[in-house]
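Asks: Just one file: input.csv, with CSV, C-alpha atoms and all ligand atoms.
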```
chain,number,residue,atom,x,y,z
A,901,MET,CA,-59.5,0.8,-14.7
A,902,GLY,CA,-57.9,0.7,-11.3
A,903,TYR,CA,-57.2,3.7,-9.1
A,904,SER,CA,-53.5,3.6,-9.5
A,905,GLU,CA,-53.8,3.6,-13.3
A,906,LEU,CA,-56.1,6.6,-13.0
A,907,THR,CA,-53.6,8.4,-10.9
A,908,ARG,CA,-50.9,7.8,-13.4
A,909,GLU,CA,-53.2,8.8,-16.2
A,910,VAL,CA,-54.4,12.0,-14.6
A,911,CYS,CA,-52.1,14.3,-16.5
A,912,LEU,CA,-53.0,12.7,-19.9
A,913,PRO,CA,-55.7,14.1,-22.1
A,914,VAL,CA,-59.1,12.8,-21.1
A,915,LYS,CA,-61.2,10.8,-23.5
A,916,GLN,CA,-64.7,12.1,-24.4
A,917,VAL,CA,-67.9,10.4,-23.4
A,918,ALA,CA,-70.3,12.3,-25.7
A,919,ASN,CA,-73.5,10.3,-25.1
A,920,LEU,CA,-73.7,10.9,-21.3
A,921,ARG,CA,-75.4,14.1,-20.2
A,922,PRO,CA,-73.3,16.5,-18.0
A,923,VAL,CA,-73.6,16.2,-14.3
A,924,GLN,CA,-74.3,19.3,-12.2
A,925,VAL,CA,-71.7,19.1,-9.4
A,926,VAL,CA,-72.3,21.2,-6.3
A,927,ALA,CA,-69.8,21.5,-3.5
A,928,VAL,CA,-71.3,22.2,-0.1
A,929,THR,CA,-68.8,23.9,2.1
A,930,GLY,CA,-68.6,26.7,4.7
A,931,GLY,CA,-65.3,27.0,6.5
A,932,LYS,CA,-66.6,26.6,10.0
A,933,GLY,CA,-67.3,23.1,11.4
A,934,GLY,CA,-70.7,22.2,12.6
A,935,VAL,CA,-72.7,24.6,10.5
A,936,GLY,CA,-74.7,21.7,9.0
A,937,LYS,CA,-72.9,20.8,5.8
A,938,THR,CA,-73.3,17.1,6.1
A,939,SER,CA,-77.0,17.1,7.1
A,940,ILE,CA,-77.7,19.6,4.4
A,941,CYS,CA,-76.0,17.5,1.7
A,942,ALA,CA,-78.0,14.4,2.9
A,943,ASN,CA,-81.4,16.1,2.9
A,944,LEU,CA,-80.9,18.1,-0.2
A,945,GLY,CA,-79.8,14.9,-1.9
A,946,VAL,CA,-82.9,13.0,-0.8
A,947,SER,CA,-85.1,16.0,-1.8
A,948,LEU,CA,-83.6,15.9,-5.3
A,949,ALA,CA,-84.0,12.2,-5.5
A,950,ARG,CA,-87.6,12.4,-4.4
A,951,ARG,CA,-88.3,14.8,-7.2
A,952,GLY,CA,-87.1,12.1,-9.6
A,953,HIS,CA,-83.6,13.3,-10.2
A,954,GLU,CA,-80.7,10.9,-10.4
A,955,THR,CA,-78.6,12.2,-7.5
A,956,MET,CA,-75.4,11.1,-5.7
A,957,VAL,CA,-73.8,12.5,-2.5
A,958,LEU,CA,-70.1,12.2,-1.9
A,959,ASP,CA,-68.6,12.4,1.6
A,960,ALA,CA,-65.4,14.3,0.8
A,961,ASP,CA,-64.6,14.8,4.5
A,962,LEU,CA,-61.8,12.3,3.9
A,963,GLY,CA,-60.5,11.8,7.5
A,964,LEU,CA,-63.8,12.1,9.5
A,965,ALA,CA,-66.5,10.9,7.1
A,966,ASN,CA,-70.0,10.8,8.6
A,967,LEU,CA,-72.5,11.3,5.7
A,968,GLN,CA,-73.4,7.6,5.7
A,969,PHE,CA,-74.6,7.9,9.4
A,970,GLN,CA,-77.3,10.3,8.2
A,971,PHE,CA,-78.9,7.3,6.6
A,972,GLY,CA,-78.0,4.6,9.1
A,973,LEU,CA,-75.7,2.9,6.5
A,974,ARG,CA,-72.8,0.8,7.6
A,975,PRO,CA,-70.6,0.4,4.5
A,976,ARG,CA,-68.1,-2.3,4.3
A,977,TYR,CA,-66.0,-0.5,1.7
A,978,ASN,CA,-65.4,3.2,1.4
A,979,LEU,CA,-63.2,5.7,-0.5
A,980,SER,CA,-60.0,4.5,1.3
A,981,HIS,CA,-60.5,1.1,-0.5
A,982,VAL,CA,-60.8,2.9,-3.8
A,983,ILE,CA,-57.6,4.8,-3.1
A,984,ASP,CA,-55.6,1.7,-2.0
A,985,GLY,CA,-56.9,-0.2,-5.1
A,986,SER,CA,-58.9,-2.8,-3.2
A,987,ALA,CA,-62.3,-1.6,-4.6
A,988,LYS,CA,-63.6,0.3,-7.6
A,989,LEU,CA,-65.6,3.4,-7.1
A,990,GLU,CA,-68.8,1.9,-8.6
A,991,ASP,CA,-68.5,-1.0,-6.1
A,992,ILE,CA,-68.6,1.2,-3.0
A,993,ILE,CA,-71.7,3.2,-3.9
A,994,LEU,CA,-74.7,2.6,-1.6
A,995,SER,CA,-78.3,3.1,-2.1
A,996,GLY,CA,-80.0,5.6,0.3
A,997,PRO,CA,-83.6,6.9,0.6
A,998,ALA,CA,-85.5,7.5,-2.7
A,999,GLY,CA,-82.7,5.8,-4.6
A,1000,LEU,CA,-80.1,8.4,-3.6
A,1001,LYS,CA,-76.6,7.1,-4.4
A,1002,VAL,CA,-74.2,7.5,-1.4
A,1003,VAL,CA,-70.4,7.5,-1.8
A,1004,PRO,CA,-69.1,6.7,1.7
A,1005,GLY,CA,-66.0,8.3,2.9
A,1006,ALA,CA,-63.4,6.9,5.3
A,1007,SER,CA,-63.4,7.7,9.0
A,1008,GLY,CA,-60.5,7.5,11.5
A,1009,LEU,CA,-57.8,7.0,8.8
A,1010,SER,CA,-55.5,10.0,9.3
A,1011,HIS,CA,-53.7,9.4,6.0
A,1012,MET,CA,-57.0,10.0,4.2
A,1013,ALA,CA,-57.1,13.5,5.5
A,1014,CYS,CA,-53.8,14.4,3.8
A,1015,LEU,CA,-53.9,12.8,0.3
A,1016,THR,CA,-51.2,13.8,-2.1
A,1017,ARG,CA,-52.3,16.0,-5.0
A,1018,ALA,CA,-52.1,13.0,-7.3
A,1019,GLU,CA,-54.3,11.0,-5.0
A,1020,GLN,CA,-56.9,13.9,-4.8
A,1021,ALA,CA,-56.8,14.2,-8.6
A,1022,GLY,CA,-57.1,10.5,-9.1
A,1023,LEU,CA,-60.2,10.4,-6.9
A,1024,ILE,CA,-61.8,13.3,-8.7
A,1025,GLN,CA,-60.9,11.7,-12.1
A,1026,ALA,CA,-62.4,8.3,-11.0
A,1027,PHE,CA,-65.9,9.8,-11.2
A,1028,SER,CA,-65.4,10.3,-14.9
A,1029,GLU,CA,-65.3,6.6,-15.3
A,1030,LEU,CA,-68.8,6.1,-13.9
A,1031,THR,CA,-71.3,5.4,-16.7
A,1032,MET,CA,-74.5,5.4,-14.6
A,1033,PRO,CA,-77.2,8.0,-15.4
A,1034,LEU,CA,-76.6,10.9,-13.1
A,1035,GLU,CA,-77.9,14.5,-12.9
A,1036,TYR,CA,-76.6,15.8,-9.6
A,1037,LEU,CA,-73.5,15.2,-7.5
A,1038,LEU,CA,-73.5,16.9,-4.1
A,1039,VAL,CA,-70.1,17.0,-2.4
A,1040,ASP,CA,-70.0,17.3,1.3
A,1041,THR,CA,-66.6,18.9,2.2
A,1042,ALA,CA,-64.7,18.9,5.4
A,1043,ALA,CA,-64.6,22.0,7.7
A,1044,GLY,CA,-61.7,24.4,7.3
A,1045,ILE,CA,-59.8,25.7,4.2
A,1046,THR,CA,-57.6,22.6,3.7
A,1047,PRO,CA,-56.1,21.6,0.3
A,1048,GLU,CA,-58.8,18.9,0.0
A,1049,VAL,CA,-61.6,21.4,0.6
A,1050,VAL,CA,-60.1,23.7,-2.1
A,1051,SER,CA,-59.6,20.8,-4.6
A,1052,PHE,CA,-63.2,19.6,-4.2
A,1053,ALA,CA,-64.6,23.1,-4.5
A,1054,CYS,CA,-62.5,23.8,-7.6
A,1055,ALA,CA,-63.7,20.5,-9.1
A,1056,ALA,CA,-67.4,21.4,-8.7
A,1057,GLN,CA,-69.3,23.8,-11.0
A,1058,GLU,CA,-71.2,25.4,-8.2
A,1059,VAL,CA,-70.1,26.2,-4.6
A,1060,VAL,CA,-72.7,26.5,-1.8
A,1061,ILE,CA,-71.4,28.2,1.3
A,1062,VAL,CA,-73.3,27.2,4.4
A,1063,ALA,CA,-73.3,29.8,7.2
A,1064,CYS,CA,-75.1,30.4,10.5
A,1065,ASP,CA,-75.7,33.7,12.1
A,1066,VAL,CA,-72.8,33.7,14.4
A,1067,PRO,CA,-69.7,35.9,13.9
A,1068,ALA,CA,-67.3,32.9,13.6
A,1069,SER,CA,-69.3,31.3,10.9
A,1070,LEU,CA,-69.6,34.5,8.9
A,1071,ALA,CA,-65.9,35.2,9.3
A,1072,ASP,CA,-65.0,31.7,8.2
A,1073,ALA,CA,-67.4,31.8,5.2
A,1074,TYR,CA,-65.8,35.1,4.1
A,1075,ALA,CA,-62.3,33.7,4.6
A,1076,LEU,CA,-63.1,30.6,2.5
A,1077,ILE,CA,-64.7,32.7,-0.3
A,1078,LYS,CA,-61.6,35.0,-0.3
A,1079,VAL,CA,-59.2,32.0,-0.6
A,1080,LEU,CA,-61.2,30.3,-3.4
A,1081,ASN,CA,-61.5,33.6,-5.3
A,1082,LEU,CA,-58.1,35.2,-4.9
A,1083,GLU,CA,-56.0,32.0,-5.0
A,1084,HIS,CA,-58.2,29.8,-7.2
A,1085,GLN,CA,-60.2,32.2,-9.3
A,1086,ILE,CA,-63.6,30.9,-8.3
A,1087,GLY,CA,-66.0,33.8,-8.9
A,1088,ARG,CA,-69.5,32.5,-8.2
A,1089,PHE,CA,-70.9,31.4,-4.8
A,1090,HIS,CA,-74.3,30.6,-3.4
A,1091,LEU,CA,-75.1,31.4,0.3
A,1092,LEU,CA,-77.3,29.0,2.2
A,1093,ALA,CA,-78.2,30.3,5.7
A,1094,ASN,CA,-78.7,27.5,8.2
A,1095,MET,CA,-80.3,27.3,11.6
A,1096,VAL,CA,-82.1,30.7,11.2
A,1097,LYS,CA,-85.2,31.8,13.0
A,1098,GLY,CA,-87.0,32.6,9.8
A,1099,PRO,CA,-86.7,33.8,6.2
A,1100,LYS,CA,-85.9,37.4,7.2
A,1101,GLU,CA,-83.0,36.3,9.3
A,1102,GLY,CA,-81.7,34.2,6.5
A,1103,ARG,CA,-81.8,37.1,4.1
A,1104,ARG,CA,-80.2,39.4,6.7
A,1105,LEU,CA,-77.3,37.0,7.1
A,1106,TYR,CA,-76.8,36.9,3.3
A,1107,GLU,CA,-76.8,40.7,3.2
A,1108,LYS,CA,-74.2,40.9,6.0
A,1109,LEU,CA,-71.9,38.7,4.0
A,1110,LEU,CA,-72.7,40.3,0.7
A,1111,ALA,CA,-71.7,43.7,2.2
A,1112,VAL,CA,-68.2,42.4,2.9
A,1113,THR,CA,-67.7,40.4,-0.3
A,1114,ASP,CA,-69.0,43.4,-2.4
A,1115,ARG,CA,-66.6,45.7,-0.6
A,1116,PHE,CA,-63.4,43.6,-0.8
A,1117,LEU,CA,-63.8,41.0,-3.5
A,1118,ASP,CA,-64.9,40.7,-7.1
A,1119,VAL,CA,-67.3,37.8,-6.7
A,1120,LEU,CA,-70.9,37.0,-7.4
A,1121,LEU,CA,-72.6,35.9,-4.2
A,1122,SER,CA,-76.2,34.9,-4.8
A,1123,TYR,CA,-78.8,33.9,-2.1
A,1124,PHE,CA,-79.7,30.2,-2.3
A,1125,GLY,CA,-82.1,30.3,0.6
A,1126,ALA,CA,-82.5,29.4,4.3
A,1127,ILE,CA,-83.2,26.4,6.5
A,1128,PRO,CA,-84.8,27.2,9.9
A,1129,PHE,CA,-83.5,25.9,13.1
A,1130,ASP,CA,-85.8,22.9,13.6
A,1131,PRO,CA,-85.8,20.5,16.6
A,1132,GLN,CA,-87.3,17.8,14.2
A,1133,PHE,CA,-84.1,18.2,12.1
A,1134,HIS,CA,-81.9,17.3,15.0
A,1135,LYS,CA,-84.3,14.5,16.1
A,1136,ALA,CA,-84.0,13.0,12.6
A,1137,VAL,CA,-80.2,13.2,12.6
A,1138,GLN,CA,-80.1,11.4,16.0
A,1139,ARG,CA,-82.3,8.6,14.5
A,1140,GLN,CA,-80.0,8.5,11.5
A,1141,ARG,CA,-82.7,9.4,9.1
A,1142,ALA,CA,-83.2,12.2,6.6
A,1143,VAL,CA,-85.6,14.8,8.0
A,1144,VAL,CA,-87.3,15.0,4.6
A,1145,ASP,CA,-88.1,11.3,5.0
A,1146,LEU,CA,-89.0,11.1,8.7
A,1147,PHE,CA,-90.9,14.4,9.1
A,1148,PRO,CA,-91.7,15.5,5.5
A,1149,ARG,CA,-94.0,18.3,6.7
A,1150,CYS,CA,-91.8,20.0,9.3
A,1151,ALA,CA,-90.3,23.4,8.6
A,1152,SER,CA,-86.8,22.2,7.6
A,1153,ALA,CA,-88.1,19.5,5.3
A,1154,VAL,CA,-90.3,22.0,3.5
A,1155,ALA,CA,-87.3,24.3,3.2
A,1156,PHE,CA,-85.2,21.5,1.7
A,1157,ASP,CA,-87.9,20.7,-0.9
A,1158,SER,CA,-87.9,24.4,-2.1
A,1159,LEU,CA,-84.1,24.5,-2.1
A,1160,ALA,CA,-84.1,21.3,-4.3
A,1161,ALA,CA,-86.6,22.9,-6.7
A,1162,GLU,CA,-84.4,26.1,-6.8
A,1163,LEU,CA,-81.3,24.0,-7.5
A,1164,THR,CA,-82.9,22.3,-10.5
A,1165,ARG,CA,-83.4,25.8,-12.0
A,1166,TRP,CA,-79.6,26.5,-12.0
A,1167,PRO,CA,-78.2,26.4,-15.5
A,1168,ILE,CA,-75.7,23.6,-16.1
A,1169,THR,CA,-72.4,25.0,-17.1
A,1170,SER,CA,-70.6,22.7,-19.4
A,1171,GLY,CA,-67.2,22.9,-20.9
A,1172,PRO,CA,-63.8,22.9,-19.2
A,1173,SER,CA,-63.3,25.3,-16.3
A,1174,GLY,CA,-59.5,25.2,-16.2
A,1175,PHE,CA,-59.5,23.0,-13.1
A,1176,LEU,CA,-59.6,19.2,-12.8
A,1177,GLU,CA,-63.3,18.6,-12.6
A,1178,PHE,CA,-65.7,15.8,-11.5
A,1179,PHE,CA,-67.2,14.2,-14.7
A,1180,LEU,CA,-64.9,16.1,-16.9
A,1181,GLU,CA,-65.5,13.8,-19.9
A,1182,ARG,CA,-69.2,14.2,-19.7
A,1183,SER,CA,-68.7,18.0,-19.5
A,1184,LEU,CA,-66.4,18.0,-22.5
A,1185,GLY,CA,-68.8,15.6,-24.4
A,1186,ALA,CA,-71.6,18.1,-23.8
A,1187,ALA,CA,-69.5,21.1,-24.8
A,1188,SER,CA,-68.4,19.4,-28.1
A,1189,ALA,CA,-72.0,18.2,-28.8
A,1190,GLY,CA,-73.1,21.9,-28.3
A,1191,GLU,CA,-70.4,23.0,-30.7
A,1192,ARG,CA,-71.5,20.4,-33.2
A,1193,SER,CA,-75.2,21.4,-33.0
A,1194,GLN,CA,-74.2,25.1,-33.4
A,1195,THR,CA,-72.0,24.4,-36.5
A,1196,GLY,CA,-74.3,21.6,-37.9
B,1,LIG,N1,-81.4,23.6,10.7
B,1,LIG,C1,-81.1,22.8,11.7
B,1,LIG,N2,-81.9,22.7,12.8
B,1,LIG,C2,-81.5,22.0,13.9
B,1,LIG,N3,-80.3,21.3,14.0
B,1,LIG,C3,-79.5,21.4,12.9
B,1,LIG,C4,-79.8,22.2,11.8
B,1,LIG,N4,-78.7,22.1,10.9
B,1,LIG,C5,-77.8,21.3,11.5
B,1,LIG,N5,-78.2,20.9,12.7
B,1,LIG,C6,-77.5,20.1,13.7
B,1,LIG,O1,-76.2,20.6,13.8
B,1,LIG,C7,-75.3,19.5,14.0
B,1,LIG,C8,-74.1,19.7,13.1
B,1,LIG,O2,-74.6,19.4,11.8
B,1,LIG,P1,-73.6,18.7,10.7
B,1,LIG,O3,-72.9,17.5,11.3
B,1,LIG,O4,-74.4,18.5,9.5
B,1,LIG,O5,-72.6,19.9,10.4
B,1,LIG,P2,-71.2,19.9,9.6
B,1,LIG,O6,-71.0,21.3,9.1
B,1,LIG,O7,-71.3,18.8,8.6
B,1,LIG,O8,-70.2,19.5,10.7
B,1,LIG,P3,-68.6,19.1,10.4
B,1,LIG,O9,-68.0,20.4,10.1
B,1,LIG,O10,-68.2,18.6,11.8
B,1,LIG,O11,-68.6,18.1,9.3
B,1,LIG,C9,-76.1,18.2,13.9
B,1,LIG,O12,-76.3,17.7,15.1
B,1,LIG,C10,-77.3,18.6,13.2
B,1,LIG,O13,-78.4,17.9,13.6
```
Output the file's structure in the form of structure tokens.

Replies:
Amino acid sequence: MGYSELTREVCLPVKQVANLRPVQVVAVTGGKGGVGKTSICANLGVSLARRGHETMVLDADLGLANLQFQFGLRPRYNLSHVIDGSAKLEDIILSGPAGLKVVPGASGLSHMACLTRAEQAGLIQAFSELTMPLEYLLVDTAAGITPEVVSFACAAQEVVIVACDVPASLADAYALIKVLNLEHQIGRFHLLANMVKGPKEGRRLYEKLLAVTDRFLDVLLSYFGAIPFDPQFHKAVQRQRAVVDLFPRCASAVAFDSLAAELTRWPITSGPSGFLEFFLERSLGAASAGERSQTG
């Protein structure tokens, strides 16, 4: 099915794909630019893939995509071709390190940064058509609190907030959590502290944010973990390689491996969330299979 048909179909009831397992969809966001969302998505994705999990990363920074550069990939087709109908989603997926699947976004196309709601919905819905085996989808969002960032966060089951220990990052992280909670009823977030000096600083950063969210919002903010500031990390980014691939024993690579292990312990929430979701059919399929096994 082409993209335009999907866009037209988006308000219709979805069909169920019962035999495919649900996909854990994790949005990586943070409000402030430059806190490390893209490189975290890339390295967490490779770490999950290296642990043997079928993993895909999606560059959802629609106007200024750069996830593919983390792997030195030069895609011919990207999401803009899916949206204009000249390519299908499955045809633009690239293979990265350890078999990681990479969905390249478009760069330098201003119209991509302001998709209509129907286009955003069609894009999210297009993932439900993929029939390949998949366990994790990591969604690298743009900076800011734009309608796209909000749509992609709402379409994921888990939202990871990346923050650094600078006032602007903490303020933006709080503002994003507030908007997602008060305007979109998202109640569960995971804090990932990046570029910290050590584990204690990561935890302190979490506690600072928690003090504010506990005081003013009704949300569950859990601590995902920390990634240290690591010159090797930056070196790997400059060489367009994943740090977990290039320097697997350096401090940040070790942190990514434990974060990947931690992520695999998160329960998969299946069943409709009330929002348009990535892989909705698989989720509905799993929910109805669960009902069948309970009643059967
Ligand atoms: N833990 C770290 N140690 C050292 N450098 C880091 C670390 N995390 C990120 N960086 C560096 O910070 C810069 C910004 O990272 P990145 O592009 O991933 O951020 P971003 O949040 O995706 O940015 P944008 O909002 O522009 O999309 C990169 O040069 C990256 O190498």

Asks: Find the residues near range 972-987 of chain A: any atom within 6 Å, counting all atoms listed in the file, skip ones fewer than 3 places away on the same chain, and give them as a list in words.

Replies: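 In the requested form, the answer reads Tyr903, Gln968, Phe969, Ile992, Pro1004, Gly1005, Ala1006 and Gln1140 of chain A.
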
Asks: Check every protein, DNA and RNA residue against ligand LIG 1 (chain B), keep those with an atom at most 7 Å away (counting all atoms listed in the file), and present them as a PyMOL selection string.

Replies: chain A and resi 932-940+1042-1043+1094-1095+1127-1131+1133-1134+1137+1152

Asks: Within 9 Å of (-76.8, 16.3, 1.0) in the file's own coordinates, which protein, DNA or RNA residues have an atom, counting only C-alpha atoms? List them as a VMD selection string.

Replies: chain A and resid 928 937 to 947 956 to 958 967 1038 to 1040

Asks: Just want the 8 Å neighbourhood of Phe1147 in chain A, counted on all atoms listed in the file, with same-chain residues fewer than 5 positions away dropped. Output as a PDB file with C-alpha atoms, in the frame of the given file.

Replies:
```
ATOM      1  CA  GLN A1132     -87.300  17.800  14.200  1.00  0.00           C
ATOM      2  CA  ALA A1136     -84.000  13.000  12.600  1.00  0.00           C
ATOM      3  CA  ALA A1153     -88.100  19.500   5.300  1.00  0.00           C
TER       4      ALA A1153
END
```

Asks: Using Å and a single decimal, report how far CA of Gly1102 in chain A sits from CA of Gly930 in chain A.

Replies: 15.2 Å

Asks: Looking at only C-alpha atoms, which of A:Ala965, A:Ser1051, A:Leu1180, A:Trp1166 is the one that sits closest to Ala1018 in chain A?

Replies: A:Ser1051

Asks: In file coordinates, which residues lie within 8 Å of (-65.7, 16.5, -13.6) using all atoms listed in the file, given as a list in words?

Replies: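 Looking at atoms near the point gives Val923, Val925, Ile1024, Gln1025, Phe1027, Ser1028, Ala1055, Ala1056, Leu1176, Glu1177, Phe1178, Phe1179, Leu1180, Glu1181, Arg1182 and Ser1183 of chain A.
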
Asks: Excluding Val1060 in chain A and any residue of its chain fewer than 4 positions from it, enumerate the residues within 9 Å of it, using all atoms listed in the file, and give them as a PyMOL selection string.

Replies: chain A and resi 926-930+1089-1092+1124

Asks: Enter the distance from CA of Gly999 in chain A to CA of Val1059 in chain A, in Å, rounded to one decimal.

Replies: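 Answer for the CA of Gly999 in chain A to CA of Val1059 in chain A separation: 24.0 Å.
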
Asks: What's the separation between CA of Pro1033 in chain A and CA of Pro922 in chain A, in Å to one decimal place?

Replies: 9.7 Å

Asks: Show which residues sit within 8 Å of Glu954 in chain A, as a list in words. Count only C-alpha atoms, and ignore same-chain residues fewer than 2 positions away.

Replies: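 With the cut-off at 8 Å, the set is Leu948, Ala949, Gly952, Met956, Gly999, Leu1000, Pro1033, Leu1034, Glu1035 and Tyr1036 of chain A.
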
Asks: Would you put the residues from that selection into a file with C-alpha atoms, as a PDB file, in the coordinates of the input?

Replies:
```pdb
ATOM      1  CA  LEU A 948     -83.600  15.900  -5.300  1.00  0.00           C
ATOM      2  CA  ALA A 949     -84.000  12.200  -5.500  1.00  0.00           C
ATOM      3  CA  GLY A 952     -87.100  12.100  -9.600  1.00  0.00           C
ATOM      4  CA  MET A 956     -75.400  11.100  -5.700  1.00  0.00           C
ATOM      5  CA  GLY A 999     -82.700   5.800  -4.600  1.00  0.00           C
ATOM      6  CA  LEU A1000     -80.100   8.400  -3.600  1.00  0.00           C
ATOM      7  CA  PRO A1033     -77.200   8.000 -15.400  1.00  0.00           C
ATOM      8  CA  LEU A1034     -76.600  10.900 -13.100  1.00  0.00           C
ATOM      9  CA  GLU A1035     -77.900  14.500 -12.900  1.00  0.00           C
ATOM     10  CA  TYR A1036     -76.600  15.800  -9.600  1.00  0.00           C
TER      11      TYR A1036
END
```

Asks: Between A:Val1144, A:Val1002, A:Ile993, A:Ala1053, which residue has the minimum interatomic distance to Ser1158 in chain A, considering only C-alpha atoms?

Replies: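 Nearest to Ser1158 in chain A: A:Val1144.
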